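S.K.: Here you go, one structure.
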Amino acid sequence: MSGTDDLDALVTELNSAAGQKRATDDDTGRLSAWLEQMVAVNASDLLLVGGAPASIRVDGRLVPLAEGPLGGDEIADAVVPALPPHARRMFQDHGIADSSFRGKDGARFRINLHRERGRPAAAIRRLPAVVPALSTLGLPPTIEALSRLPRGLVVIGGPTGSGKTTTLAALVNEINVRDERHIVTIEDPIEYEHRHLRSVVEQVEIGVDAPDFPTSLRAALRQAPDVIVVGEMRDPETIRIALAAGETGHLVLSSLHTTDVASTIARLADSFPAERQNTIRQELAMALAAVMTQTLMPKIGGGRVPASELLMVGYGARQHIRRNALQHLHQEITITRKHGSFTFEESLAELVRRGLIERAEAINRAHHPEELERLL
């Protein structure tokens with residue numbers, strides 16, 4: 001029996017058990033039943049969308065659960081009771097809310113409740129119980145150098161679901177295991193829970209411990225941190241404060257929804273009004289220490305593996321950023337290879353050589369296919 005057949009059989013069995021459980025459950029119990037199925041098949045996500053059945057994502061594949069299409073009211077009745085008061089207010093006032101949720105067995109989940117076509121919908125992600133070691137993520141070993149930087153802004157870019165938060169958590173764990181540092185993380189919501197090891201780690205959750213990222217980031221700067229983690233730079237004010245912190249001696253780690261090194265830097269500058277962008281580029285040139293992007297590739301035999309790109313920012317890159325000549329950054333990556341930089345194509349080529357991904361898939365996903373062909 002194939003892996004797909006095994007998964008389908010297991011989901012069918014779980015659906016039968018869940019159907020019996022729902023007969024006596026209230027609405028919150030219905031959510032619990034869905035989450036139990038997620039855990040049982042090691043699914044990463046649960047999607048609840050009106051007009052479609054509840055669906056789980058396993059190794060990137062969406063699997064519908066057996067019950068019929070859901071109504072928006074059914075989704076709200078199941079999910080809203082699981083939200084803390086501040087998230088319920090956010091959903092009531094703005095139609096969207098993010099929160100963490102802990103199940104009966106201790107498993108943690110991130111809930112995004114929102115509206116689409118005038119009705120409630122939800123995307124729920126399972127949060128790992130243990131912070132992974134950086135060496136287990138399948139990233140090139142030079143990524144570890146990011147955890148040793150003394151100061152500056154480090155940005156991890158990538159599309160939604162590419163593992164950016166996991167990489168950030170693993171970098172924090174490297175510091176926590178190795179160094180005596182004061183680390184402050186600011187997240188919405190907290191996804192990985194860090195223990196105090198050699199470092200002291202404070203974790204601030206937006207909506208629970210602070211109202212928003214800028215307020216929390218300003219407060220963190222008054223707490224004498226060595227390392228600050230900003231879960232996501234969503235607005236110009238957060239970006240401005242993070243840049244200032246990176247320039248004034250802190251190591252700031254953050255993430256952004258982008259696809260490559262050049263688009264990550266462009267996105268940071270483009271977040272500001274046109275009349276301020278030149279000033280911001282000067283600040284970026286001073287504050288940036290490294291930019292990494294990653295995406296998950298389908299792995300031969302099942303599962304996914306990250307392909308990545310890294311620019312360790314040096315003199316040449318700073319000049320290109322100041323002049324907004326971002327088209328030259330790809331060449332700058334190759335020039336600074338001895339400092340740890342590598343291109344997306346070099347990462348893809350290594351994955352192909354190791355037999356982890358298909359050659360055709362790598363070429364299809366490459367930013368510079370002709371360069372990948374040459375490397376292979």
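Ligands are numbered from 1 in the order shown, residues from 1 within each chain, and chains are lettered A, B, ... in the order they appear in the structure tokens.
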Can you list, as a PyMOL selection string, every residue of stretch 102-332 of chain A that DSSP puts in alpha helix (DSSP H)?

M.R.: chain A and resi 164-178+213-221+236-247+261-270+274-287+315-322+329-332

S.K.: With a cut-off of 12 Å, could you pull out the residues of stretch 243-358 of chain A touching stretch 174-195 of chain A and give me the nearest pair of atoms for each, distance in Å to one decimal, using only C-alpha atoms, ordered by chain and ascending number, as CSV?

M.R.:
```
residue,atom,partner,partner_atom,distance
A:His250,CA,A:Ile183,CA,10.2
A:Leu251,CA,A:Ile183,CA,9.5
A:Val252,CA,A:Thr185,CA,9.7
A:Leu253,CA,A:Thr185,CA,9.1
A:Ser254,CA,A:Ile186,CA,9.6
A:Ser255,CA,A:Glu187,CA,10.9
```

S.K.: Extract the full set of strand (DSSP E) residues from stretch 79-120 of chain A according to DSSP on the backbone, and format it as a PyMOL selection string.

M.R.: chain A and resi 97-102+108-116+119-120

S.K.: Grab the residues selected above and save them as a PDB file, in the first residue's frame with C-alpha atoms.

M.R.:
```pdb
ATOM      1  CA  ALA A  97      -8.102  37.534  14.924  1.00  0.00           C
ATOM      2  CA  ASP A  98      -4.889  35.593  15.598  1.00  0.00           C
ATOM      3  CA  SER A  99      -4.362  33.598  18.761  1.00  0.00           C
ATOM      4  CA  SER A 100      -2.693  30.531  20.187  1.00  0.00           C
ATOM      5  CA  PHE A 101      -4.712  27.671  21.669  1.00  0.00           C
ATOM      6  CA  ARG A 102      -3.709  24.763  23.874  1.00  0.00           C
ATOM      7  CA  ARG A 108      -0.599  23.950  20.920  1.00  0.00           C
ATOM      8  CA  PHE A 109      -2.134  25.513  17.830  1.00  0.00           C
ATOM      9  CA  ARG A 110      -2.144  28.905  16.113  1.00  0.00           C
ATOM     10  CA  ILE A 111      -5.635  30.033  15.115  1.00  0.00           C
ATOM     11  CA  ASN A 112      -6.371  32.628  12.455  1.00  0.00           C
ATOM     12  CA  LEU A 113     -10.103  33.352  12.396  1.00  0.00           C
ATOM     13  CA  HIS A 114     -11.186  35.659   9.592  1.00  0.00           C
ATOM     14  CA  ARG A 115     -14.040  36.377   7.212  1.00  0.00           C
ATOM     15  CA  GLU A 116     -14.343  35.503   3.525  1.00  0.00           C
ATOM     16  CA  ARG A 119     -18.781  34.461   6.545  1.00  0.00           C
ATOM     17  CA  PRO A 120     -16.314  33.151   9.139  1.00  0.00           C
TER      18      PRO A 120
END
```

S.K.: Please, what distance in Å, to one decimal, runs between atom CA of A:Gly355 and atom CA of A:Leu139?

M.R.: 15.1 Å

S.K.: With a cut-off of 12 Å, could you pull out the residues of stretch 137-253 of chain A touching stretch 83-95 of chain A and give me the nearest pair of atoms for each, distance in Å to one decimal, using only C-alpha atoms, ordered by chain and ascending number, as a tab-separated table?

M.R.:
```
residue	atom	partner	partner_atom	distance
A:Asp188	CA	A:Ala87	CA	11.1
A:Pro189	CA	A:Ala87	CA	10.7
A:Glu205	CA	A:His86	CA	11.7
A:Ile206	CA	A:His86	CA	10.0
A:Gly207	CA	A:His86	CA	6.3
A:Val208	CA	A:His86	CA	7.4
A:Asp209	CA	A:His86	CA	10.8
A:Ala210	CA	A:His86	CA	11.2
A:Pro211	CA	A:His86	CA	9.9
```

S.K.: Selection from above, C-alpha atoms, as a PDB file, in the first residue's frame, can you write it?

M.R.:
```
ATOM      1  CA  ASP A 188       1.649  37.246  17.308  1.00  0.00           C
ATOM      2  CA  PRO A 189       1.022  34.658  18.608  1.00  0.00           C
ATOM      3  CA  GLU A 205       2.605  37.874  22.848  1.00  0.00           C
ATOM      4  CA  ILE A 206       0.777  40.635  21.007  1.00  0.00           C
ATOM      5  CA  GLY A 207      -2.767  41.025  22.294  1.00  0.00           C
ATOM      6  CA  VAL A 208      -1.924  39.325  25.587  1.00  0.00           C
ATOM      7  CA  ASP A 209       1.215  41.066  26.866  1.00  0.00           C
ATOM      8  CA  ALA A 210       1.319  44.142  24.596  1.00  0.00           C
ATOM      9  CA  PRO A 211      -1.134  45.873  22.220  1.00  0.00           C
TER      10      PRO A 211
END
```

S.K.: Calculated over only C-alpha atoms, which of the candidates A:Arg234, A:Lys299, A:Arg126, A:His330 has the smallest distance to A:Ala362?

M.R.: A:Lys299

S.K.: Atom CA of A:Ile228 to atom CA of A:Asn278: how many Å, to one decimal?

M.R.: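 Separation of atom CA of A:Ile228 and atom CA of A:Asn278: 25.6 Å.
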
S.K.: Pick out the residues sitting within 6 Å of A:Leu46, and hand them over as a PDB file with N, CA and C atoms, in the first residue's frame; count only C-alpha atoms, and ignore anything fewer than 4 positions along from it in its own chain.

M.R.:
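Saved file part.pdb follows:
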```
ATOM      1  N   SER A  55     -10.627  20.458   6.156  1.00  0.00           N
ATOM      2  CA  SER A  55      -9.530  19.792   5.450  1.00  0.00           C
ATOM      3  C   SER A  55      -8.244  19.942   6.246  1.00  0.00           C
ATOM      4  N   ILE A  56      -7.408  18.912   6.209  1.00  0.00           N
ATOM      5  CA  ILE A  56      -6.112  18.959   6.879  1.00  0.00           C
ATOM      6  C   ILE A  56      -5.009  18.865   5.835  1.00  0.00           C
ATOM      7  N   ALA A 123      -7.995  29.253   9.660  1.00  0.00           N
ATOM      8  CA  ALA A 123      -6.805  28.480   9.326  1.00  0.00           C
ATOM      9  C   ALA A 123      -6.088  28.203  10.644  1.00  0.00           C
ATOM     10  N   ILE A 124      -5.902  26.936  10.951  1.00  0.00           N
ATOM     11  CA  ILE A 124      -5.340  26.540  12.245  1.00  0.00           C
ATOM     12  C   ILE A 124      -4.070  25.728  11.995  1.00  0.00           C
TER      13      ILE A 124
END
```

S.K.: So that I can see what lies close to A:Pro53, please list as a list of chain:residue names the residues with an atom at most 7 Å from it, counting only C-alpha atoms and leaving out residues fewer than 2 positions away in the same chain.

M.R.: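 Returned residues: A:Gly51, A:Ser55, A:Pro64, A:Leu65, A:Glu67, A:Gly68, A:Pro69, A:Leu70.
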
S.K.: What's the 8 Å shell around A:Val58, counting only C-alpha atoms, without same-chain residues fewer than 6 positions away, as a compact mmCIF listing (two decimals) with N, CA and C atoms, in the first residue's frame?

M.R.:
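The result, stored in around-v7.txt:
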```txt
# COMPACT_ATOMS: atom_id res chain seq x y z
N VAL A 41 -2.47 12.23 12.43
CA VAL A 41 -1.82 12.00 11.13
C VAL A 41 -0.66 12.96 10.89
N ASN A 42 -0.26 13.67 11.96
CA ASN A 42 0.86 14.61 11.89
C ASN A 42 0.61 15.69 10.83
N ALA A 43 -0.61 16.19 10.77
CA ALA A 43 -0.95 17.25 9.82
C ALA A 43 -0.42 18.58 10.34
N SER A 44 -0.10 19.48 9.41
CA SER A 44 0.43 20.78 9.80
C SER A 44 -0.67 21.82 9.95
N ASP A 45 -1.77 21.68 9.18
CA ASP A 45 -2.79 22.71 9.15
C ASP A 45 -4.19 22.11 9.10
```

S.K.: Write out as number ranges by chain which residues come within 8 Å of A:Pro306 when counting only C-alpha atoms, dropping same-chain ones fewer than 3 positions away.

M.R.: A: 137-139, 162, 294-297

S.K.: Could the residues in this selection be written to a file with C-alpha atoms, as a PDB file, in the first residue's frame?

M.R.:
```pdb
ATOM      1  CA  LEU A 137      16.129  21.700   9.560  1.00  0.00           C
ATOM      2  CA  GLY A 138      18.039  20.688   6.435  1.00  0.00           C
ATOM      3  CA  LEU A 139      19.486  24.173   5.934  1.00  0.00           C
ATOM      4  CA  SER A 162       8.001  28.203   4.236  1.00  0.00           C
ATOM      5  CA  GLN A 294      13.840  30.076   2.078  1.00  0.00           C
ATOM      6  CA  THR A 295      11.095  28.003   0.505  1.00  0.00           C
ATOM      7  CA  LEU A 296       9.992  24.413   0.987  1.00  0.00           C
ATOM      8  CA  MET A 297      10.468  21.978  -1.906  1.00  0.00           C
TER       9      MET A 297
END
```

S.K.: Which value, in Å to one decimal, gives the distance between atom CA of A:His368 and atom CA of A:Leu348?

M.R.: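 Atom-to-atom, atom CA of A:His368 to atom CA of A:Leu348, that is 10.9 Å.
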